[in-house]
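File shown here: run_19.csv, holding CSV, C-alpha atoms.
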chain,number,residue,atom,x,y,z
I,41,MET,CA,45.1,-54.9,-8.5
I,42,GLU,CA,43.8,-54.5,-5.0
I,43,GLU,CA,40.9,-52.0,-4.8
I,44,LYS,CA,41.1,-49.4,-2.1
I,45,SER,CA,37.9,-48.6,-0.2
I,46,PHE,CA,36.9,-45.0,-0.1
I,47,ASP,CA,36.7,-45.1,3.7
I,48,ASP,CA,40.4,-46.0,3.7
I,49,ILE,CA,41.2,-43.0,1.6
I,50,LEU,CA,39.0,-40.7,3.7
I,51,LYS,CA,40.8,-41.9,6.8
I,52,ARG,CA,44.2,-41.0,5.2
I,53,LEU,CA,42.9,-37.8,3.9
I,54,SER,CA,41.6,-36.8,7.3
I,55,ASP,CA,45.0,-35.4,8.0
I,56,LEU,CA,44.7,-33.1,5.1
I,57,PRO,CA,46.6,-29.9,5.9
I,58,SER,CA,44.6,-27.4,7.8
I,59,MET,CA,44.1,-24.0,6.3
I,60,PRO,CA,47.0,-21.8,7.0
I,61,THR,CA,46.1,-19.4,9.9
I,62,ILE,CA,47.0,-16.4,7.8
I,63,VAL,CA,44.5,-17.4,5.1
I,64,GLN,CA,41.8,-17.9,7.8
I,65,GLU,CA,42.5,-14.5,9.1
I,66,MET,CA,42.3,-13.0,5.6
I,67,PHE,CA,38.9,-14.5,5.1
I,68,LYS,CA,37.7,-13.2,8.4
I,69,VAL,CA,39.0,-9.7,7.9
I,70,THR,CA,37.9,-9.3,4.3
I,71,SER,CA,34.4,-10.5,5.0
I,72,MET,CA,33.8,-7.8,7.6
I,73,PRO,CA,31.5,-5.1,6.0
I,74,ASN,CA,33.8,-2.2,6.6
I,75,CYS,CA,37.1,-3.8,6.0
I,76,THR,CA,39.9,-1.4,5.1
I,77,SER,CA,43.3,-1.8,3.5
I,78,LYS,CA,44.8,-1.2,6.9
I,79,ASP,CA,43.0,-4.3,8.3
I,80,VAL,CA,44.3,-6.4,5.5
I,81,ALA,CA,47.8,-5.0,5.9
I,82,ARG,CA,47.7,-5.7,9.7
I,83,VAL,CA,47.0,-9.4,9.0
I,84,LEU,CA,49.4,-9.9,6.2
I,85,GLU,CA,52.3,-8.2,7.9
I,86,ASN,CA,52.4,-11.0,10.5
I,87,ASP,CA,53.9,-13.1,7.7
I,88,GLN,CA,57.0,-11.3,6.3
I,89,SER,CA,57.8,-13.9,3.7
I,90,LEU,CA,54.2,-14.0,2.4
I,91,THR,CA,54.2,-10.2,2.3
I,92,ALA,CA,57.4,-10.1,0.3
I,93,ARG,CA,56.1,-12.7,-2.2
I,94,LEU,CA,52.8,-10.9,-2.5
I,95,LEU,CA,54.5,-7.5,-3.2
I,96,ARG,CA,56.8,-9.1,-5.8
I,97,VAL,CA,53.8,-10.5,-7.7
I,98,ALA,CA,51.8,-7.2,-7.3
I,99,ASN,CA,54.8,-5.4,-8.9
I,100,SER,CA,55.0,-7.8,-11.9
I,101,PRO,CA,54.1,-6.3,-15.3
I,102,PHE,CA,51.0,-8.6,-15.2
I,103,TYR,CA,49.2,-6.0,-13.0
I,104,GLY,CA,50.6,-3.1,-15.0
I,105,LEU,CA,51.2,-0.7,-12.1
I,106,SER,CA,53.0,2.5,-13.2
I,107,ARG,CA,54.7,2.9,-9.9
I,108,LYS,CA,56.2,0.3,-7.6
I,109,VAL,CA,54.2,-0.6,-4.5
I,110,ASP,CA,56.2,-1.4,-1.4
I,111,THR,CA,53.6,-1.8,1.3
I,112,VAL,CA,50.5,-4.0,1.5
I,113,ASP,CA,48.4,-0.9,2.3
I,114,ARG,CA,49.5,0.7,-0.9
I,115,ALA,CA,48.9,-2.5,-2.9
I,116,CYS,CA,45.4,-2.6,-1.6
I,117,THR,CA,44.7,1.0,-2.6
I,118,VAL,CA,46.2,0.5,-6.1
I,119,LEU,CA,45.0,-3.0,-6.9
I,120,GLY,CA,41.9,-3.2,-4.8
I,121,LEU,CA,41.1,-5.3,-1.7
I,122,ASN,CA,39.7,-8.2,-3.7
I,123,THR,CA,42.8,-8.7,-5.8
I,124,VAL,CA,45.1,-8.5,-2.8
I,125,LYS,CA,43.0,-11.0,-0.9
I,126,ASN,CA,43.0,-13.4,-3.8
I,127,LEU,CA,46.7,-13.0,-4.4
I,128,ALA,CA,47.4,-13.7,-0.7
I,129,LEU,CA,45.2,-16.8,-0.9
I,130,SER,CA,47.0,-18.1,-4.0
I,131,VAL,CA,50.5,-17.4,-2.7
I,132,SER,CA,49.8,-18.9,0.8
I,133,VAL,CA,48.2,-22.1,-0.6
I,134,MET,CA,51.2,-22.6,-2.9
I,135,GLY,CA,53.4,-22.2,0.1
I,136,VAL,CA,51.6,-25.0,2.0
I,137,PHE,CA,52.0,-27.5,-0.7
I,138,LYS,CA,55.5,-26.4,-1.7
I,139,SER,CA,56.8,-27.3,1.7
I,140,LYS,CA,55.4,-30.8,1.4
I,141,SER,CA,56.8,-31.4,-2.0
I,142,GLN,CA,59.8,-33.5,-0.9
I,143,GLU,CA,57.5,-36.5,-0.4
I,144,ALA,CA,56.0,-36.3,-3.9
I,145,THR,CA,57.2,-38.3,-6.8
I,146,PHE,CA,56.7,-35.5,-9.3
I,147,ASP,CA,57.9,-31.9,-9.8
I,148,MET,CA,55.6,-29.7,-7.6
I,149,ALA,CA,57.0,-26.5,-9.2
I,150,ASP,CA,55.9,-27.8,-12.7
I,151,MET,CA,52.4,-28.6,-11.4
I,152,TRP,CA,52.1,-25.1,-9.9
I,153,ARG,CA,53.2,-23.6,-13.2
I,154,HIS,CA,50.4,-25.5,-14.9
I,155,SER,CA,48.0,-24.2,-12.3
I,156,LEU,CA,49.3,-20.7,-12.8
I,157,GLY,CA,48.9,-21.1,-16.6
I,158,CYS,CA,45.3,-22.3,-16.1
I,159,ALA,CA,44.7,-19.3,-13.7
I,160,VAL,CA,46.0,-16.7,-16.1
I,161,ALA,CA,44.1,-18.3,-19.0
I,162,ALA,CA,40.8,-18.8,-17.1
I,163,LYS,CA,40.9,-15.1,-16.0
I,164,ALA,CA,41.5,-13.9,-19.5
I,165,VAL,CA,38.8,-16.1,-20.9
I,166,PHE,CA,36.3,-15.1,-18.2
I,167,GLU,CA,37.0,-11.4,-18.8
I,168,LEU,CA,36.1,-11.7,-22.5
I,169,ARG,CA,32.5,-11.6,-21.3
I,170,TYR,CA,32.4,-10.7,-17.6
I,171,LYS,CA,34.1,-8.4,-15.1
I,172,GLY,CA,36.0,-9.4,-12.1
I,173,GLY,CA,38.0,-12.5,-13.0
I,174,GLU,CA,40.0,-12.5,-9.8
I,175,ASN,CA,37.9,-15.2,-8.3
I,176,VAL,CA,38.4,-17.3,-11.4
I,177,PHE,CA,42.2,-16.8,-11.2
I,178,VAL,CA,42.2,-18.4,-7.7
I,179,GLY,CA,40.0,-21.1,-9.1
I,180,GLY,CA,42.6,-21.8,-11.7
I,181,ILE,CA,45.4,-21.9,-9.1
I,182,LEU,CA,43.4,-24.4,-7.0
I,183,HIS,CA,41.8,-26.5,-9.7
I,184,ASP,CA,44.2,-29.4,-9.4
I,185,ILE,CA,44.7,-29.2,-5.7
I,186,GLY,CA,43.3,-32.7,-5.4
I,187,LYS,CA,46.1,-34.0,-7.5
I,188,MET,CA,48.7,-32.5,-5.2
I,189,ILE,CA,47.0,-34.1,-2.2
I,190,LEU,CA,46.9,-37.5,-3.9
I,191,GLU,CA,50.5,-37.2,-5.0
I,192,ILE,CA,51.5,-36.4,-1.5
I,193,TYR,CA,49.2,-38.5,0.7
I,194,MET,CA,48.7,-41.5,-1.6
I,195,SER,CA,51.9,-41.5,-3.6
I,196,LYS,CA,52.0,-45.3,-3.9
I,197,GLU,CA,48.5,-45.5,-5.5
I,198,TYR,CA,49.2,-42.4,-7.6
I,199,LYS,CA,52.3,-44.1,-9.0
I,200,GLU,CA,50.0,-47.0,-10.1
I,201,ILE,CA,47.7,-44.5,-11.7
I,202,HIS,CA,50.5,-43.0,-13.7
I,203,GLU,CA,51.5,-46.5,-14.9
I,204,LEU,CA,47.9,-47.1,-16.2
I,205,TYR,CA,47.4,-43.7,-17.7
I,206,GLY,CA,48.2,-43.3,-21.4
I,207,GLU,CA,46.9,-43.4,-24.9
I,208,ASP,CA,44.1,-45.8,-24.0
I,209,MET,CA,43.0,-44.6,-20.6
I,210,SER,CA,42.5,-41.1,-19.4
I,211,LEU,CA,43.9,-39.9,-16.1
I,212,VAL,CA,40.5,-39.6,-14.6
I,213,ASP,CA,39.6,-43.1,-15.6
I,214,ALA,CA,42.9,-44.4,-14.2
I,215,GLU,CA,42.1,-42.6,-10.9
I,216,MET,CA,38.7,-44.2,-10.8
I,217,TYR,CA,40.2,-47.6,-11.5
I,218,ILE,CA,42.8,-47.5,-8.8
I,219,ILE,CA,41.3,-45.4,-6.0
I,220,GLY,CA,37.6,-45.2,-7.1
I,221,ARG,CA,37.6,-41.4,-6.9
I,222,THR,CA,39.0,-38.5,-9.0
I,223,HIS,CA,41.4,-35.7,-8.1
I,224,ALA,CA,38.5,-33.4,-8.7
I,225,LEU,CA,36.5,-35.0,-5.8
I,226,VAL,CA,39.5,-35.0,-3.5
I,227,GLY,CA,40.0,-31.3,-4.2
I,228,ARG,CA,36.3,-30.8,-3.4
I,229,LEU,CA,36.9,-32.4,0.0
I,230,LEU,CA,39.7,-30.0,0.8
I,231,ALA,CA,37.5,-27.1,-0.4
I,232,ARG,CA,34.8,-28.1,2.1
I,233,LYS,CA,37.3,-28.6,4.8
I,234,TRP,CA,38.8,-25.2,4.2
I,235,LYS,CA,35.3,-23.7,3.9
I,236,PHE,CA,35.9,-22.2,0.4
I,237,THR,CA,32.9,-20.5,-1.2
I,238,GLU,CA,30.5,-22.6,-3.2
I,239,ALA,CA,31.7,-21.1,-6.4
I,240,MET,CA,35.3,-22.1,-5.6
I,241,GLU,CA,34.3,-25.6,-4.7
I,242,GLU,CA,32.5,-25.9,-8.1
I,243,MET,CA,35.6,-24.6,-10.0
I,244,ILE,CA,37.7,-27.3,-8.3
I,245,ALA,CA,35.1,-30.1,-8.5
I,246,PHE,CA,33.8,-29.6,-12.0
I,247,HIS,CA,36.8,-28.4,-14.0
I,248,HIS,CA,36.6,-31.6,-16.1
I,249,ARG,CA,32.8,-31.6,-16.3
I,250,PRO,CA,31.5,-28.0,-16.4
I,251,ALA,CA,28.0,-29.0,-17.3
I,252,LEU,CA,27.5,-30.1,-13.6
I,253,ALA,CA,28.1,-26.6,-12.2
I,254,LYS,CA,25.0,-25.0,-10.5
I,255,VAL,CA,26.0,-21.8,-8.9
I,256,ALA,CA,29.0,-20.7,-10.9
I,257,ARG,CA,28.5,-22.0,-14.4
I,258,GLU,CA,30.6,-19.2,-16.1
I,259,GLN,CA,33.5,-19.4,-13.7
I,260,VAL,CA,33.6,-23.2,-13.9
I,261,ALA,CA,33.5,-23.0,-17.8
I,262,ALA,CA,36.4,-20.5,-17.7
I,263,VAL,CA,38.5,-22.8,-15.6
I,264,HIS,CA,37.6,-25.8,-17.7
I,265,ILE,CA,38.8,-23.9,-20.8
I,266,GLY,CA,41.8,-22.4,-19.1
I,267,ASN,CA,43.0,-25.8,-18.1
I,268,GLU,CA,43.1,-27.0,-21.8
I,269,ILE,CA,44.6,-23.7,-23.0
I,270,ALA,CA,47.4,-24.0,-20.5
I,271,LYS,CA,48.2,-27.5,-21.9
I,272,ALA,CA,48.0,-26.3,-25.5
I,273,LEU,CA,50.5,-23.5,-24.8
I,274,SER,CA,52.6,-25.8,-22.6
I,275,LEU,CA,52.4,-23.4,-19.7
I,276,GLY,CA,54.0,-25.5,-16.9
I,277,LYS,CA,53.5,-29.2,-17.1
I,278,SER,CA,50.4,-31.0,-16.2
I,279,ASN,CA,50.7,-34.7,-15.5
I,280,GLU,CA,48.0,-35.1,-18.2
I,281,LEU,CA,49.6,-35.8,-21.6
I,282,PHE,CA,46.6,-34.8,-23.8
I,283,VAL,CA,44.6,-31.7,-24.5
I,284,MET,CA,41.1,-33.0,-23.9
I,285,PRO,CA,38.0,-31.9,-25.7
I,286,ILE,CA,36.5,-28.7,-24.3
I,287,ASP,CA,32.8,-28.8,-23.6
I,288,LYS,CA,31.0,-27.1,-26.5
I,289,ASP,CA,28.6,-25.1,-24.4
I,290,ALA,CA,31.4,-23.8,-22.2
I,291,TRP,CA,33.4,-22.8,-25.3
I,292,ASN,CA,30.4,-21.0,-26.8
I,293,MET,CA,29.9,-19.0,-23.7
I,294,PHE,CA,33.2,-17.1,-24.5
I,295,PHE,CA,34.3,-17.6,-28.1
I,296,THR,CA,32.1,-16.7,-31.0
I,297,LYS,CA,34.7,-15.5,-33.5
I,298,GLU,CA,37.9,-17.2,-34.4
I,299,SER,CA,39.7,-13.8,-34.4
I,300,THR,CA,39.5,-13.2,-30.7
I,301,LEU,CA,41.0,-16.6,-29.9
I,302,THR,CA,44.5,-15.9,-31.2
I,303,ASP,CA,44.5,-12.5,-29.4
I,304,THR,CA,43.3,-14.0,-26.2
I,305,LEU,CA,46.1,-16.6,-26.4
I,306,GLU,CA,48.6,-13.9,-26.9
I,307,VAL,CA,47.4,-12.1,-23.8
I,308,ILE,CA,47.6,-15.4,-21.8
I,309,GLN,CA,51.1,-16.3,-23.0
I,310,ASP,CA,52.4,-12.8,-22.1
I,311,GLY,CA,50.6,-12.7,-18.7
I,312,TYR,CA,51.9,-16.1,-17.8
I,313,THR,CA,55.5,-15.2,-18.6
I,314,GLN,CA,55.3,-11.9,-16.6
I,315,ILE,CA,53.8,-13.4,-13.4
I,316,GLU,CA,55.7,-16.7,-13.5
I,317,GLU,CA,59.0,-14.9,-13.2
I,318,THR,CA,58.0,-13.2,-9.9
I,319,LEU,CA,56.6,-16.3,-8.2
I,320,ASP,CA,60.0,-18.0,-7.7
I,321,LEU,CA,58.5,-21.5,-7.9
I,322,ASP,CA,61.9,-23.1,-7.9
I,323,GLY,CA,63.1,-21.0,-4.9
I,324,PRO,CA,64.7,-22.3,-1.8
I,325,GLU,CA,61.5,-24.0,-0.6
I,326,GLY,CA,60.8,-25.5,-4.0
I,327,ASN,CA,62.3,-28.7,-5.2
I,328,ARG,CA,64.9,-27.6,-7.6
I,329,GLY,CA,67.4,-29.4,-5.4
I,330,LYS,CA,65.4,-32.6,-5.6
I,331,ARG,CA,65.2,-32.3,-9.4
I,332,LEU,CA,69.0,-31.8,-9.7
I,333,LYS,CA,69.6,-34.8,-7.4
I,334,ASP,CA,67.3,-37.0,-9.4
I,335,GLY,CA,69.1,-35.9,-12.5
I,336,SER,CA,65.8,-35.7,-14.3
I,337,LYS,CA,65.2,-32.9,-16.7
O,1304,MET,CA,53.2,-1.6,-41.5
O,1305,LYS,CA,53.4,-2.9,-45.0
O,1306,LYS,CA,51.2,-3.4,-48.0
O,1307,ILE,CA,50.9,-6.9,-49.3
O,1308,ALA,CA,48.9,-8.5,-52.1
O,1309,LEU,CA,45.7,-10.2,-51.0
O,1310,ASN,CA,46.9,-13.6,-52.4
O,1311,GLU,CA,49.8,-13.5,-50.0
O,1312,VAL,CA,47.9,-12.7,-46.8
O,1313,MET,CA,47.5,-15.3,-44.1
O,1314,VAL,CA,45.0,-16.0,-41.4
O,1315,GLY,CA,46.0,-14.3,-38.2
O,1316,MET,CA,47.6,-11.2,-39.8
O,1317,LYS,CA,46.5,-7.8,-38.4
O,1318,ILE,CA,45.0,-5.1,-40.6
O,1319,ALA,CA,47.0,-1.8,-40.2
O,1320,ARG,CA,44.6,0.5,-42.1
O,1321,ASP,CA,40.8,0.4,-42.8
O,1322,VAL,CA,40.0,-1.5,-46.0
O,1323,ASN,CA,37.2,0.2,-48.0
O,1324,SER,CA,35.1,-1.2,-50.8
O,1325,PRO,CA,35.3,0.6,-54.2
O,1326,ARG,CA,32.1,2.5,-53.1
O,1327,GLY,CA,33.7,3.6,-49.8
O,1328,MET,CA,32.1,1.2,-47.4
O,1329,VAL,CA,34.4,0.0,-44.6
O,1330,LEU,CA,35.0,-3.7,-45.1
O,1331,VAL,CA,37.5,-4.4,-42.4
O,1332,ARG,CA,38.6,-2.0,-39.7
O,1333,LYS,CA,42.1,-1.2,-38.6
O,1334,GLY,CA,43.3,-3.6,-35.9
O,1335,ALA,CA,41.1,-6.5,-37.1
O,1336,THR,CA,42.7,-9.9,-37.4
O,1337,LEU,CA,42.3,-11.7,-40.8
O,1338,THR,CA,40.2,-14.9,-40.8
O,1339,GLU,CA,39.3,-17.2,-43.7
O,1340,GLY,CA,35.9,-15.5,-43.8
O,1341,VAL,CA,37.3,-12.0,-44.0
O,1342,ILE,CA,39.8,-12.9,-46.7
O,1343,LYS,CA,36.9,-14.5,-48.8
O,1344,GLN,CA,34.9,-11.3,-48.4
O,1345,LEU,CA,37.8,-9.1,-49.5
O,1346,GLU,CA,38.1,-11.4,-52.6
O,1347,ARG,CA,34.4,-10.9,-53.3
O,1348,TYR,CA,35.0,-7.1,-53.4
O,1349,ASP,CA,38.0,-7.6,-55.7
O,1350,ILE,CA,40.4,-6.0,-53.1
O,1351,THR,CA,43.9,-6.7,-54.4
O,1352,SER,CA,46.1,-5.6,-51.5
O,1353,VAL,CA,45.8,-4.7,-47.8
O,1354,SER,CA,48.1,-3.0,-45.3
O,1355,ILE,CA,49.1,-5.3,-42.5
O,1356,GLU,CA,50.9,-4.7,-39.2
O,1357,ASP,CA,54.4,-5.9,-39.0
O,1358,ILE,CA,54.7,-9.2,-37.1
O,1359,GLU,CA,57.3,-8.9,-34.5
O,1360,ASP,CA,58.7,-11.5,-32.1
O,1361,GLU,CA,58.9,-10.9,-28.4
O,1362,LYS,CA,62.2,-8.9,-28.8
O,1363,GLY,CA,60.5,-6.6,-31.4
O,1364,VAL,CA,62.4,-8.1,-34.3
O,1365,GLU,CA,60.3,-8.3,-37.5
O,1366,ILE,CA,59.5,-11.8,-38.7
O,1367,ASP,CA,59.2,-12.7,-42.3
O,1368,PRO,CA,55.6,-13.9,-42.9
O,1369,LYS,CA,56.8,-17.0,-44.9
O,1370,GLU,CA,59.2,-17.9,-42.1
O,1371,LEU,CA,56.4,-17.5,-39.6
O,1372,GLU,CA,54.1,-19.8,-41.6
O,1373,LYS,CA,56.8,-22.4,-41.7
O,1374,ARG,CA,57.3,-22.2,-37.9
O,1375,LYS,CA,53.6,-22.4,-37.4
O,1376,MET,CA,53.5,-25.6,-39.4
O,1377,ASP,CA,56.3,-27.0,-37.3
O,1378,GLN,CA,54.3,-26.1,-34.2
O,1379,ILE,CA,51.2,-27.8,-35.5
O,1380,GLU,CA,53.2,-31.0,-36.1
O,1381,GLN,CA,54.4,-30.8,-32.5
O,1382,LEU,CA,50.9,-30.1,-31.1
O,1383,LYS,CA,49.2,-32.9,-33.1
O,1384,PRO,CA,50.2,-35.8,-30.7
O,1385,ILE,CA,48.8,-34.0,-27.7
O,1386,PHE,CA,45.6,-33.0,-29.5
O,1387,VAL,CA,44.8,-36.5,-30.8
O,1388,LYS,CA,41.8,-36.8,-28.4
O,1389,ALA,CA,40.4,-33.5,-29.3
O,1390,GLU,CA,41.3,-32.3,-32.8
O,1391,ALA,CA,38.2,-33.8,-34.5
O,1392,LEU,CA,36.1,-31.1,-32.9
O,1393,PRO,CA,36.2,-27.8,-35.0
O,1394,TRP,CA,36.7,-25.5,-32.0
O,1395,MET,CA,39.5,-27.7,-30.7
O,1396,LYS,CA,41.2,-27.5,-34.1
O,1397,GLN,CA,40.8,-23.7,-33.9
O,1398,LEU,CA,42.5,-23.8,-30.5
O,1399,MET,CA,45.4,-25.9,-31.9
O,1400,ASP,CA,45.8,-23.5,-34.8
O,1401,ALA,CA,45.8,-20.4,-32.6
O,1402,ALA,CA,48.2,-22.0,-30.1
O,1403,ALA,CA,50.6,-22.9,-32.9
O,1404,THR,CA,50.4,-19.3,-34.1
O,1405,VAL,CA,51.2,-17.9,-30.7
O,1406,ARG,CA,54.0,-20.4,-30.1
O,1407,ALA,CA,55.5,-19.7,-33.6
O,1408,ARG,CA,55.8,-16.0,-32.8
O,1409,ARG,CA,57.9,-16.7,-29.8
O,1410,LEU,CA,60.4,-19.1,-31.2
Please render this file's structure as structure tokens.
Amino acid sequence: MEEKSFDDILKRLSDLPSMPTIVQEMFKVTSMPNCTSKDVARVLENDQSLTARLLRVANSPFYGLSRKVDTVDRACTVLGLNTVKNLALSVSVMGVFKSKSQEATFDMADMWRHSLGCAVAAKAVFELRYKGGENVFVGGILHDIGKMILEIYMSKEYKEIHELYGEDMSLVDAEMYIIGRTHALVGRLLARKWKFTEAMEEMIAFHHRPALAKVAREQVAAVHIGNEIAKALSLGKSNELFVMPIDKDAWNMFFTKESTLTDTLEVIQDGYTQIEETLDLDGPEGNRGKRLKDGSK
Amino acid sequence: MKKIALNEVMVGMKIARDVNSPRGMVLVRKGATLTEGVIKQLERYDITSVSIEDIEDEKGVEIDPKELEKRKMDQIEQLKPIFVKAEALPWMKQLMDAAATVRARRL
């Protein structure tokens, strides 16, 4: 099998999608010291479809609002700026890769479901010990972004990777063998290009090897655990067949008693079901049509 | 809520009423989930029965504990192939077990 040089890959990855304007604007506005919900609303309302999707998610039982919110301004007041910012980020990134999905050889909606499962699980695990798991939620949404890029921009090589991957070779090993780099590293490249925070970059880069994290050990550990929980509960479908061993130190950060584990998984399963329904992953921009055409599943 | 004999309880069931030792010390609080350790402790104190919360599926229909146990075993059989690389580790076995319980309640 011909080995591809990393330069070759970098060249092809140089046309990685640029960060959606709306997300750039969101980062700019929300990092201003006296940012108000009105500022956020002004940015978001430039994109009606994003706003609609965001409000649908905000109104899902996952966030447990007692009354329906119908404006971004109101959503910010009730859910908090940080939650709305992170929701907007998640929903808009999903949008970018959803529209590219026709070129991929796999079901993008199923991949996003797995990422959503990881996000819900990582947040629940993180919040067993710490407050403010919103960031971890986005980390879960984005942890496999490198896979999506590889599936779209290097679909030929990724097909070879899938052929190699199985009982005897892990997905990451197969990636190393064929392209010499892992999806985690490719995700990291995008994180840098899009100027994500260092914590976000680590959640993407080290979700398989949490011990390497430096600035966001707990967040990375939560995403690492969330990834395997999502597979164990079959939330969405990862292209990885197996539940892999969870790092012992990462596990011990959050679970000390067996009793909390089942309860946490209950919360995760319910949260996932509630939020998945509102995201419309198979919607008009998704690839349900493609799936039907292929006659698969 | 129902009262069941201690030799019929299962790991994962929820306690519906505080369990006290014969001397009145609280052994298990209401709302706690039974683990192997807790069950052993109750045996040590010669507790013969406990009140457990009804187990309901997602539609609120009560599930027979024996039926649930059977479903859980089925789920473990289904999970084993995807856990082959992990189940040797005790915490991964716990994860498999908990995932089977959660999945069984939703069938």
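Take the candidates O:Ile1366, O:Leu1309, O:Ile1385, O:Met1316 and check each one against O:Ile1350 using all atoms listed in the file; the shortest distance goes to O:Leu1309.
Close contacts of I:His202, defined as residues with an atom at most 8 Å away when counting all atoms listed in the file, with chain neighbours fewer than 3 positions off set aside, comprise Tyr198, Lys199, Tyr205, Leu211 and Ala214 of chain I.
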Please indicate the distance in Å from atom CA of I:Phe246 to atom CA of I:Ser155, rounded to one decimal place.
15.2 Å
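Using all atoms listed in the file for every distance, the candidate list I:Gly186, I:Gly311, I:Gly157, I:Gly227 yields I:Gly157 as the residue closest to I:Gly276.
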Taking all atoms of stretch 1309-1316 of chain O that the file lists, what box with edges along x, y and z, padded by 3 Å per side, do you get, with centre and edge lengths in Å to one decimal, as lines of an AutoDock Vina configuration file?
center_x = 47.4
center_y = -13.1
center_z = -45.3
size_x = 10.8
size_y = 11.8
size_z = 20.2
Contacts between chain I and chain O, please, where a residue of chain O counts if it comes within 8 Å (with all atoms listed in the file); show its shortest atom pair and distance in Å to one decimal, rows by chain and ascending number, as a tab-separated table.
residue	atom	partner	partner_atom	distance
O:Gly1315	CA	I:Thr302	CA	7.3
O:Ala1335	CA	I:Ser299	CA	7.9
O:Thr1336	CA	I:Ser299	CA	5.8
O:Leu1337	CA	I:Ser299	CA	7.2
O:Thr1338	CA	I:Ser299	CA	6.5
O:Leu1382	CA	I:Ala272	CA	7.4
O:Pro1384	CA	I:Phe282	CA	7.8
O:Ile1385	CA	I:Phe282	CA	4.5
O:Phe1386	CA	I:Val283	CA	5.3
O:Val1387	CA	I:Phe282	CA	7.4
O:Lys1388	CA	I:Met284	CA	5.9
O:Ala1389	CA	I:Pro285	CA	4.6
O:Glu1390	CA	I:Pro285	CA	7.8
O:Leu1392	CA	I:Pro285	CA	7.5
O:Trp1394	CA	I:Trp291	CA	7.9
O:Met1395	CA	I:Pro285	CA	6.7
O:Gln1397	CA	I:Glu298	CA	7.1
O:Leu1398	CA	I:Leu301	CA	7.4
O:Met1399	CA	I:Ala272	CA	6.9
O:Ala1401	CA	I:Thr302	CA	4.9
O:Ala1402	CA	I:Leu273	CA	6.0
O:Thr1404	CA	I:Thr302	CA	7.4
O:Val1405	CA	I:Glu306	CA	6.1
O:Arg1406	CA	I:Leu273	CA	7.1
Rebuild stretch 1330-1343 of chain O to N, CA and C atoms - output it as an mmCIF file, keeping the file's coordinate frame, please.
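The resulting file, out.cif, is reproduced below:
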data_model
loop_
_atom_site.group_PDB
_atom_site.id
_atom_site.type_symbol
_atom_site.label_atom_id
_atom_site.label_comp_id
_atom_site.auth_asym_id
_atom_site.auth_seq_id
_atom_site.Cartn_x
_atom_site.Cartn_y
_atom_site.Cartn_z
ATOM 1 N N LEU O 1330 35.094 -2.256 -45.125
ATOM 2 C CA LEU O 1330 35.000 -3.700 -45.100
ATOM 3 C C LEU O 1330 35.627 -4.339 -43.906
ATOM 4 N N VAL O 1331 36.815 -3.857 -43.610
ATOM 5 C CA VAL O 1331 37.500 -4.400 -42.400
ATOM 6 C C VAL O 1331 38.162 -3.154 -41.739
ATOM 7 N N ARG O 1332 38.004 -3.121 -40.423
ATOM 8 C CA ARG O 1332 38.600 -2.000 -39.700
ATOM 9 C C ARG O 1332 40.018 -2.267 -39.304
ATOM 10 N N LYS O 1333 40.743 -1.181 -39.146
ATOM 11 C CA LYS O 1333 42.100 -1.200 -38.600
ATOM 12 C C LYS O 1333 42.166 -2.021 -37.337
ATOM 13 N N GLY O 1334 43.147 -2.863 -37.181
ATOM 14 C CA GLY O 1334 43.300 -3.600 -35.900
ATOM 15 C C GLY O 1334 42.643 -4.985 -35.986
ATOM 16 N N ALA O 1335 41.764 -5.222 -36.981
ATOM 17 C CA ALA O 1335 41.100 -6.500 -37.100
ATOM 18 C C ALA O 1335 42.109 -7.602 -37.462
ATOM 19 N N THR O 1336 41.808 -8.828 -37.060
ATOM 20 C CA THR O 1336 42.700 -9.900 -37.400
ATOM 21 C C THR O 1336 42.035 -10.691 -38.593
ATOM 22 N N LEU O 1337 42.845 -11.026 -39.572
ATOM 23 C CA LEU O 1337 42.300 -11.700 -40.800
ATOM 24 C C LEU O 1337 41.886 -13.145 -40.427
ATOM 25 N N THR O 1338 40.683 -13.495 -40.892
ATOM 26 C CA THR O 1338 40.200 -14.900 -40.800
ATOM 27 C C THR O 1338 39.905 -15.325 -42.236
ATOM 28 N N GLU O 1339 39.660 -16.638 -42.381
ATOM 29 C CA GLU O 1339 39.300 -17.200 -43.700
ATOM 30 C C GLU O 1339 38.099 -16.374 -44.260
ATOM 31 N N GLY O 1340 37.108 -16.149 -43.401
ATOM 32 C CA GLY O 1340 35.900 -15.500 -43.800
ATOM 33 C C GLY O 1340 36.155 -14.067 -44.334
ATOM 34 N N VAL O 1341 36.995 -13.333 -43.596
ATOM 35 C CA VAL O 1341 37.300 -12.000 -44.000
ATOM 36 C C VAL O 1341 38.040 -11.958 -45.333
ATOM 37 N N ILE O 1342 38.992 -12.875 -45.481
ATOM 38 C CA ILE O 1342 39.800 -12.900 -46.700
ATOM 39 C C ILE O 1342 38.829 -13.207 -47.915
ATOM 40 N N LYS O 1343 37.889 -14.151 -47.709
ATOM 41 C CA LYS O 1343 36.900 -14.500 -48.800
ATOM 42 C C LYS O 1343 36.107 -13.242 -49.144
#
